[in-house]
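Contents: one structure, followed by commentary.
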Amino acid sequence: MPMNIVENVVRLNGLCAIEEAEALHQALCGMERPIFDLTEAAHLHAAIVQLIMASGGMVRGLPTDLALAACLRDRIASS
Amino acid sequence: MNPLLAQFIPEARDLLEQAGTGMLALEQDATSQNVINDVFRAVHTLKGSSGLFDVAPLTHLAHAAEDLLAEVRAGEIALTSDIVDRLLDSLDLVGRWIDALEAREALPSDAESDMTERVAVLRRWLDHRPAVVGDIAGSRAAASSPASAAPAWLVDLPEADRLNAFMATSGARLLAWSFAPEENCFFRGDDPVAMLRHAPGLLTLRALPREAFPPFETLDPLTCLLRFEVLSDASRETIEEHMRYVADAIDVREIDVRELVIPTGKPAAGPVFHDFARLARQHLEARDRAALDRSVAALLTMIAPESLQASALRWCKAQLQRDGFESPANLERLIAAVETGKLPPYGEMVDKSVESKGEPIAPARDNSEEAATYRKCAHRIAVEQIKALETPADPAIVQGRLESAAAILKKLARTIGGGDGASAVDEAIAILRASGDMQPLRSLAEGWKAGAAKVCKDDPAAPIAADKTAPPATPEAHATEPPAESKAVQRVLRVDQSKIDAIMNLVAELIVAKNGLSYLANRAEKVHGSRAASREIKEQFAVIDRITQGLQVGVMSVRMMPVSQVFQRFPRLVRDIARKLGKKIELVIEGEDTEADKNILESLSDPLIHMVRNSLDHGIETPDERRAAGKSEQGVVHIAARQENDNVVIEVRDDGKGIDPGVVKAKALQLGLLTAAKAEQISDEEAANLVFAPGFSTKTEVSELSGRGVGMDVVRSAVLKAGGEVSLRTKFGAGTSVTLRLPLTMAVTRIVTIECRGRIFGIPMDLVVETVRLHREQVHRIKSAETFVLRDAIIPILRLADAMGLPQAEAETQGDDEAVMVVRLGRDRIGLVVDGFRERMEVIVKPLEGVLEGMPGFSGTALLGDGGVLLILDLQEMLRCR
């Protein structure tokens, strides 16, 4: 399972394909300031990237892939 | 047939159609990048799909066409009419092969030789590749020139990104491009992020919403609202090749690397900046690198890092690190920015330093002293990088740091050493990545200092050009690369027409069966005397009636097709004919979206081609004639479709020479279609309509296109057969317009039934003008013909019973009244005397088949609710036979 949610921490692992987008959207709806841990994410589909950006949440760990990290680095938690 | 092949055939036809249409559009306007992309994609897809089957010649030919189109797309080859001719010709051949595939599941035996010949022709352009000439190419070049202007978003790119990209690239130019994927791209299986991850030469990447995201709850997770901004150290071609399936969505600009140098922030003020500028200029003058570095570093520690000056200083530092004193103008510009808080425009700098424009590093290479300085420099940078790598950091950042250090070191190695140096860096980095051992990297850097790295003097240009496109992505990234050709999600069903026809036949039977219910209701009341049962049946009937109507509408709408299906072949036809005849003709198509039943459209396509050919051949004059007549050289042919009530109306109009009524009359006299006396009487318009008479042709010589004397007659009979009508208006010298009027759908015909000698017949409702009852006295006899006067018009009378040769009924009612149905046949009205009018109904008219086929006077049969068969009269035919 590429998605693992504990309270408001969303951990995405491995290959996150478009199929996860709707589930992630559901899960994020109504979640207060979600925090994303993407350290283990090998790939995030553009739809997932978009959801992370749109959710207004923060990213705690960026994926190792540079390009992927670059897409989301604006959302990196400042702390 | 192999189901895959069965699917390929219609798909291939669509693609050919698409490519053909696009090609014609391109001939008109070669600058349209969208169109050329469409054509390219169509041919590319065709080539790709054809590879699944044993049709090598087809694949080869498509490949050759694709290559040629790729060159056209890249602006390397101008698209001349000649090339279009050849490409169309090749597509036609492919079309014929597809037909053969459908018929025999194999290409014709001569396919191989046909292919070789055409491929040779197509390749000729590729090999010669003439210099880009001509209007088409000129306008293309003009259109693509703004592509080198730096995009506006460059300023908004974070400074760190620009700095990284600036440092990581060794060339003087790089690509700044944006990518705005289509909103529905996810449905096509596209993953923009994956595409970008594997984009060659990726330096930096930024994802941002195209516009502000909607509230999260209402966001559709499957709609792509993203836009990406990318800096790449790659050639335009590699990027365009990488993104070829989304070529419409990208905007690639080639920029000078110095355009990245944009200090951002709030300008600060103070005397310190002037002092710095003075000092810095002195150092610059003296080429004292160490002193300048010191000044920059010193000031950086003094001022607020978010100020514009700090940013300019950071750029200064980067510029020095990257190019040393190679870009004095740029350094001067940055110093001025620190001094004034404003970056002087880029142009001024260019004026001052023409010599430094272009390759910033190359000139230094010949000088061994300079080379030594470079190596020293490289060593310092390398040491800094190693230091950075040794600093403990968040694991998330380490990877990025490693990558960027690797990129910088590789560039350094190339600058001072050559390919060997770069591979040495690769090895060292690989070891570091695997074991965390920094030693190889360190000794490498030491080596640079000592000058151990080979200074590649014999071929100074090569290292820079080499391997520009190497992606800095991690090796494992390649493994996840998606298949280049991700199949679009098919949301359209391709259904064999026979299946739809089968459903329609069932619906037709249902309608007939439904009509049986109302018959049953009557029977229940009259024969069995049960009113209640009758009423219940009628209630049920109403329900079933509603459902069947819905069903009928549904099936009909499936069969409806836009007339563009028929129209789309005209641009090609007009182009070919115009070229053949040496005329200049513009084709204007209107109302392509108008819909009509597929069968109607199919029956229309041949008559329409006749009409268009006639317009081109007989209507539009040659450019000389047109000039003489005071018209513009280019003739215009309009093809317009529109819907009027239950009809689809198609008009073919030209602004040619029109029809000369005198010539038509003379010809009609000669052919015996007209008596001399009648020729005197008829109006010009009636004369013009004589062209519909069978065997009529005014052109004396039979041209290849029209004039075989079958033209308009064929048009008319085909249209009448489809239940439509055709009319012609012309103004001599000004043009002709032919209008076809056809029912939207043939499937269900509204008829009115009449009684004649105790038999029931059906007459299509469309023909009926009105019904009247006549007193016997009102019927006038003119010689042998009977007529009557209806509102000041004389209408001839036809007694249906006589016309059909029906026997006299035994007890004929000799009432005072005659039931007359006035029907319109073409342009005439005729009063049809019948014994009585019956009900109206909707029926499915089936053509006469088998032994009944070709029986004159009837257009078909329909099944009645009580199981009886109704004959539908073909009044046109009946009158003609009389």
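As shown in the structure tokens, the chain order sets the letters A, B, ...; within each chain, residues go from 1, and ligands are also counted from 1 in the order they appear.
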Quick one: residues within 12 Å of Glu19 of chain A, only C-alpha atoms, excluding same-chain residues fewer than 2 positions away - as a PyMOL selection string? (chain A and resi 1-3+15-17+21-25+44-48) or (chain B and resi 186-187+189+191+221-222)
Using only C-alpha atoms and a cut-off of 8 Å, which residues of chain B sit close to chain A? Please list them as a ChimeraX atom specification. /B:186,191-194,196-197,202,204-209,213,216-217,221-226,396,399-400,473-474
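Comparing the minimum interatomic distances between Val84 of chain B and each of B:Asp655, B:Asp496, B:Glu27, B:Asp766, counting only C-alpha atoms, we find that B:Glu27 sits nearest.
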According to DSSP computed on the backbone, where in segment 41-78 of chain A is there strand (DSSP E)? Give the residues as a PyMOL selection string. chain A and resi 41-44+58-61
File of the preceding selection, C-alpha atoms, as a PDB file, in the first residue's frame:
```pdb
ATOM      1  CA  ALA A  41       8.362   7.785  -2.553  1.00  0.00           C
ATOM      2  CA  ALA A  42      10.022   6.478  -5.687  1.00  0.00           C
ATOM      3  CA  HIS A  43       7.625   8.218  -7.997  1.00  0.00           C
ATOM      4  CA  LEU A  44       4.643  10.482  -7.591  1.00  0.00           C
ATOM      5  CA  MET A  58       3.600  20.797   4.343  1.00  0.00           C
ATOM      6  CA  VAL A  59       6.173  18.334   3.139  1.00  0.00           C
ATOM      7  CA  ARG A  60       8.412  16.874   5.817  1.00  0.00           C
ATOM      8  CA  GLY A  61      10.720  14.753   3.713  1.00  0.00           C
TER       9      GLY A  61
END
```
Do a neighbour search on Arg86 of chain B at 12 Å with only C-alpha atoms, toss out local chain neighbours closer than 4 positions, and write the hits as a tab-separated table (two decimals) with N, CA and C atoms, in the first residue's frame.
```
chain	number	residue	atom	x	y	z
B	20	GLY	N	-4.43	13.80	-44.12
B	20	GLY	CA	-4.75	14.44	-45.40
B	20	GLY	C	-5.33	15.83	-45.20
B	23	MET	N	-2.73	18.23	-43.99
B	23	MET	CA	-1.76	18.58	-45.02
B	23	MET	C	-2.30	19.72	-45.88
B	61	LEU	N	6.71	3.04	-45.73
B	61	LEU	CA	6.22	4.25	-46.41
B	61	LEU	C	5.80	5.29	-45.38
B	64	ALA	N	8.84	6.86	-43.96
B	64	ALA	CA	9.47	7.86	-44.83
B	64	ALA	C	8.68	9.17	-44.76
B	65	ALA	N	7.35	9.05	-44.78
B	65	ALA	CA	6.51	10.25	-44.71
B	65	ALA	C	6.72	10.94	-43.37
B	68	LEU	N	9.96	12.87	-43.32
B	68	LEU	CA	9.86	14.10	-44.08
B	68	LEU	C	9.08	15.15	-43.28
B	69	LEU	N	8.00	14.68	-42.65
B	69	LEU	CA	7.18	15.60	-41.86
B	69	LEU	C	7.95	16.15	-40.67
B	79	LEU	N	7.53	23.35	-46.87
B	79	LEU	CA	6.47	22.49	-47.39
B	79	LEU	C	5.96	23.08	-48.70
B	80	THR	N	6.43	22.56	-49.79
B	80	THR	CA	5.97	23.06	-51.09
B	80	THR	C	4.76	22.24	-51.53
B	81	SER	N	4.06	22.76	-52.53
B	81	SER	CA	2.91	22.04	-53.06
B	81	SER	C	3.36	20.68	-53.60
B	82	ASP	N	4.58	20.67	-54.11
B	82	ASP	CA	5.12	19.43	-54.65
B	82	ASP	C	5.21	18.36	-53.57
B	90	SER	N	1.25	9.39	-51.38
B	90	SER	CA	1.66	8.25	-50.57
B	90	SER	C	0.55	7.84	-49.62
B	91	LEU	N	-0.13	8.82	-49.05
B	91	LEU	CA	-1.22	8.49	-48.13
B	91	LEU	C	-2.34	7.77	-48.89
B	92	ASP	N	-2.58	8.21	-50.12
B	92	ASP	CA	-3.60	7.54	-50.94
B	92	ASP	C	-3.25	6.08	-51.14
B	93	LEU	N	-1.97	5.87	-51.41
B	93	LEU	CA	-1.52	4.50	-51.63
B	93	LEU	C	-1.75	3.69	-50.35
B	117	GLU	N	9.42	2.85	-54.68
B	117	GLU	CA	9.40	4.00	-55.58
B	117	GLU	C	9.06	5.27	-54.80
B	118	ARG	N	8.00	5.17	-53.99
B	118	ARG	CA	7.57	6.37	-53.29
B	118	ARG	C	8.52	6.78	-52.19
B	119	VAL	N	9.04	5.79	-51.52
B	119	VAL	CA	9.99	6.11	-50.46
B	119	VAL	C	11.18	6.84	-51.07
B	120	ALA	N	11.60	6.39	-52.26
B	120	ALA	CA	12.73	7.04	-52.92
B	120	ALA	C	12.41	8.51	-53.16
B	121	VAL	N	11.17	8.76	-53.61
B	121	VAL	CA	10.78	10.15	-53.90
B	121	VAL	C	10.79	10.97	-52.61
B	122	LEU	N	10.22	10.41	-51.57
B	122	LEU	CA	10.14	11.16	-50.31
B	122	LEU	C	11.53	11.41	-49.74
B	123	ARG	N	12.38	10.38	-49.86
B	123	ARG	CA	13.72	10.50	-49.29
B	123	ARG	C	14.55	11.54	-50.05
B	124	ARG	N	14.18	11.74	-51.32
B	124	ARG	CA	14.95	12.67	-52.13
B	124	ARG	C	14.99	14.04	-51.44
B	125	TRP	N	13.84	14.44	-50.93
B	125	TRP	CA	13.81	15.75	-50.26
B	125	TRP	C	14.68	15.76	-49.02
```
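Here atom CA of Leu875 of chain B stands at a distance of 8.7 Å from atom CA of Ser859 of chain B.
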Please indicate the distance in Å from atom CA of Ile609 of chain B to atom CA of Phe570 of chain B, rounded to one decimal place. 7.9 Å
I need the alpha helix (DSSP H) residues of segment 7-230 of chain B per DSSP on the backbone, written as number ranges by chain. B: 7-28, 33-50, 56-73, 81-104, 111-128, 134-144, 159-168, 192-197
Determine the nearest neighbour of Asn505 of chain B from the options B:Ile83, B:Val637, B:Val843, B:Met1, counting only C-alpha atoms. B:Val843
